[in-house]
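Asker: Pasting in a structure now, in structure tokens, and then I'll have a few things to ask.
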Amino acid sequence: LDVAFAVTFVDALNGWISGVDFGTFTARILHTTDGGATWTAQQANNTNPLYAASFIDAHTGWIVGGGGTLLHTADGTTWQLENPATTNTLFGVSLSTATDGFAAGDFGAIAHTSNGGTTWLEQSTPTTETLWAVSSVSPQLAWAAGSSGTVLGTTDGGKGWHLQPVGTSASLFGIKFVTSTTGWTGWAVGEGGTILHTTDGGTSWQPQTSNVTQTLRGVSFIGGENGWVVGDGG
């Protein structure tokens, strides 16, 4: 595995890493059942880089990548290539249930499934900016973040996506929403150490001090208080 683009765990033991071997132009998926002590390769049956993963449990998950690649597993071990909704590269995927989720990527592309990935449909969005990440918390509620300070939100399952004003032109590479005592709370992270925070579902966003200037590429939170952000330069 030359480059790992995504890592996701569903519990203390079960996790996956996805990426690519550029030397052999082979997509790679690694799986652990012992908390990362050992990793086993899984067949991706694909040559495109794999950029993002989302799992519901130790059996059900999706991985997305180049050329609109959509991979699905129903047993945590074997992967099937699903019919793409777009040929645009997909950089983010987020499932809120075993049947419903969103994938996002180049040129403002967003694809949606409501039947566990049997079919994906491309949705209309008000941007052509690259969308680097997506966070879905229910079949109706989802947000996507992208280049040039782009943040989109939907409250109706993607029938309508709307730009949310965030007050920055910095590209945003990660986004994460969770429920808290104040409602839907979220963070978006990106260039120049940018961290943005919302407590009202994205209606308003406020900058937070990160104390770094490196580009931030990933964010993960457990509840409304405890979280991690990672980025360039370690």
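Chains: A, B, ... in order of the structure tokens. Residues: from 1 per chain. Ligands: from 1, in order shown.
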Please extract the residues of region 41-198 of chain A with a backbone DSSP assignment of helix (DSSP H, G or I) and present them as a ChimeraX atom specification.
Answerer: /A:66-68,106-108,147-149,191-193
Asker: Find the residues around Asn115 (chain A) up to 8 Å (only C-alpha atoms counted), leave out those fewer than 4 positions away in its own chain, and share them as a ChimeraX atom specification.
Answerer: /A:99-100,119
Asker: Find the residue from A:Ile56, A:Leu50, A:Val166, A:Ile175 that sits nearest to Gly19 (chain A); use only C-alpha atoms when measuring.
Answerer: A:Leu50
Asker: Please list as a ChimeraX atom specification every residue within 7 Å of Asp21 (chain A), counting only C-alpha atoms and excluding residues in the same chain fewer than 3 positions away.
Answerer: /A:1-3,24-28
Asker: Output N, CA and C atoms of each residue in that selection to a file, as a PDB file, in the first residue's frame.
Answerer:
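Output (part.pdb):
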ATOM      1  N   LEU A   1       0.855  -1.189   0.000  1.00  0.00           N
ATOM      2  CA  LEU A   1       0.000   0.000   0.000  1.00  0.00           C
ATOM      3  C   LEU A   1       0.890   1.238   0.000  1.00  0.00           C
ATOM      4  N   ASP A   2       1.009   1.908  -1.167  1.00  0.00           N
ATOM      5  CA  ASP A   2       1.878   3.077  -1.272  1.00  0.00           C
ATOM      6  C   ASP A   2       1.309   4.278  -0.536  1.00  0.00           C
ATOM      7  N   VAL A   3       0.006   4.528  -0.745  1.00  0.00           N
ATOM      8  CA  VAL A   3      -0.639   5.683  -0.132  1.00  0.00           C
ATOM      9  C   VAL A   3      -1.973   5.244   0.469  1.00  0.00           C
ATOM     10  N   THR A  24       1.863  -0.671  -8.972  1.00  0.00           N
ATOM     11  CA  THR A  24       1.115  -1.682  -9.733  1.00  0.00           C
ATOM     12  C   THR A  24      -0.234  -1.164 -10.210  1.00  0.00           C
ATOM     13  N   PHE A  25      -0.529   0.119  -9.930  1.00  0.00           N
ATOM     14  CA  PHE A  25      -1.819   0.730 -10.299  1.00  0.00           C
ATOM     15  C   PHE A  25      -2.973  -0.143  -9.814  1.00  0.00           C
ATOM     16  N   THR A  26      -2.892  -0.500  -8.537  1.00  0.00           N
ATOM     17  CA  THR A  26      -3.887  -1.385  -7.942  1.00  0.00           C
ATOM     18  C   THR A  26      -4.508  -0.725  -6.719  1.00  0.00           C
ATOM     19  N   ALA A  27      -5.843  -0.719  -6.661  1.00  0.00           N
ATOM     20  CA  ALA A  27      -6.528  -0.250  -5.461  1.00  0.00           C
ATOM     21  C   ALA A  27      -6.267  -1.240  -4.335  1.00  0.00           C
ATOM     22  N   ARG A  28      -6.175  -0.724  -3.110  1.00  0.00           N
ATOM     23  CA  ARG A  28      -5.878  -1.590  -1.979  1.00  0.00           C
ATOM     24  C   ARG A  28      -6.847  -1.337  -0.839  1.00  0.00           C
TER      25      ARG A  28
END
Asker: Using Å and a single decimal, report how far CA of Val151 (chain A) sits from CA of Thr97 (chain A).
Answerer: 22.4 Å
Asker: Give me, as a VMD selection string, the residues of region 4-121 of chain A that a backbone DSSP run labels strand (DSSP E or B).
Answerer: chain A and resid 4 to 9 15 to 21 26 to 32 40 to 42 50 to 55 61 to 65 70 to 73 80 to 81 90 to 95 101 to 105 110 to 113 121
Asker: Name the closest residue to Val219 (chain A) among the candidates A:Thr194, A:Gln123, A:Thr33, A:Thr78; distances are taken between atoms, counting only C-alpha atoms.
Answerer: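 Using only C-alpha atoms, the shortest distance to Val219 (chain A) belongs to A:Thr194.
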Asker: Residues near Thr215 (chain A), anyone? I mean within 8 Å using only C-alpha atoms, not counting same-chain ones fewer than 4 positions away, as a list in words.
Answerer: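 Neighbouring residues, sequence-local ones excluded: Gly190, Glu191, Gly192, Gly193, Thr194, Gly231 and Asp232 of chain A.
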Asker: Which residue is closest to Asp106 (chain A)? Choose from A:Gln80, A:Gln140, A:Thr154, A:Ser147 and count only C-alpha atoms.
Answerer: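 Of the candidates, the smallest distance to Asp106 (chain A) is held by A:Ser147.
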Asker: Identify, on the basis of only C-alpha atoms, every residue whose closest approach to Gln164 (chain A) does not exceed 8 Å; exclude the query and any residue fewer than 3 positions from it along the same chain; express the result as a ChimeraX atom specification.
Answerer: /A:150-153,202-204
Asker: CA of Thr77 (chain A) to CA of Gln42 (chain A): how many Å, to one decimal?
Answerer: 6.6 Å
Asker: Just how far from CA of Val230 (chain A) is CA of Ile17 (chain A), in Å to one decimal?
Answerer: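 For CA of Ile17 (chain A) relative to CA of Val230 (chain A), the distance reads 15.9 Å.
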Asker: For Gly201 (chain A), which residue out of A:Phe107, A:Thr168, A:Ala142, A:Gly149 is the nearest one, using only C-alpha atoms?
Answerer: A:Ala142
Asker: Would you mind telling me which residue in A:Thr38, A:Ser124, A:Ser135, A:Asn88 lies nearest to Ser54 (chain A) when using only C-alpha atoms?
Answerer: A:Ser135
Asker: Near Ala53 (chain A), counting only C-alpha atoms, which residues have an atom at most 8 Å away, once you skip same-chain residues fewer than 2 positions from it, shown as a list in words?
Answerer: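 Residues meeting the cut-off are Ala6, Val7, Thr8, Ser18, Tyr51, Phe55, Gly61, Trp62, Ile63, Val64, Gly92, Val93 and Ser94 of chain A.
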Asker: Within 9 Å of Thr87 (chain A), counting only C-alpha atoms, which residues qualify if same-chain residues fewer than 4 places away don't, as a list in words?
Answerer: Gly66, Gly67, Gly68 and Thr69 of chain A
Asker: Taking only C-alpha atoms into account, which of A:Thr185, A:Thr73, A:Thr89, A:Ser114 comes nearest Pro139 (chain A)?
Answerer: A:Ser114
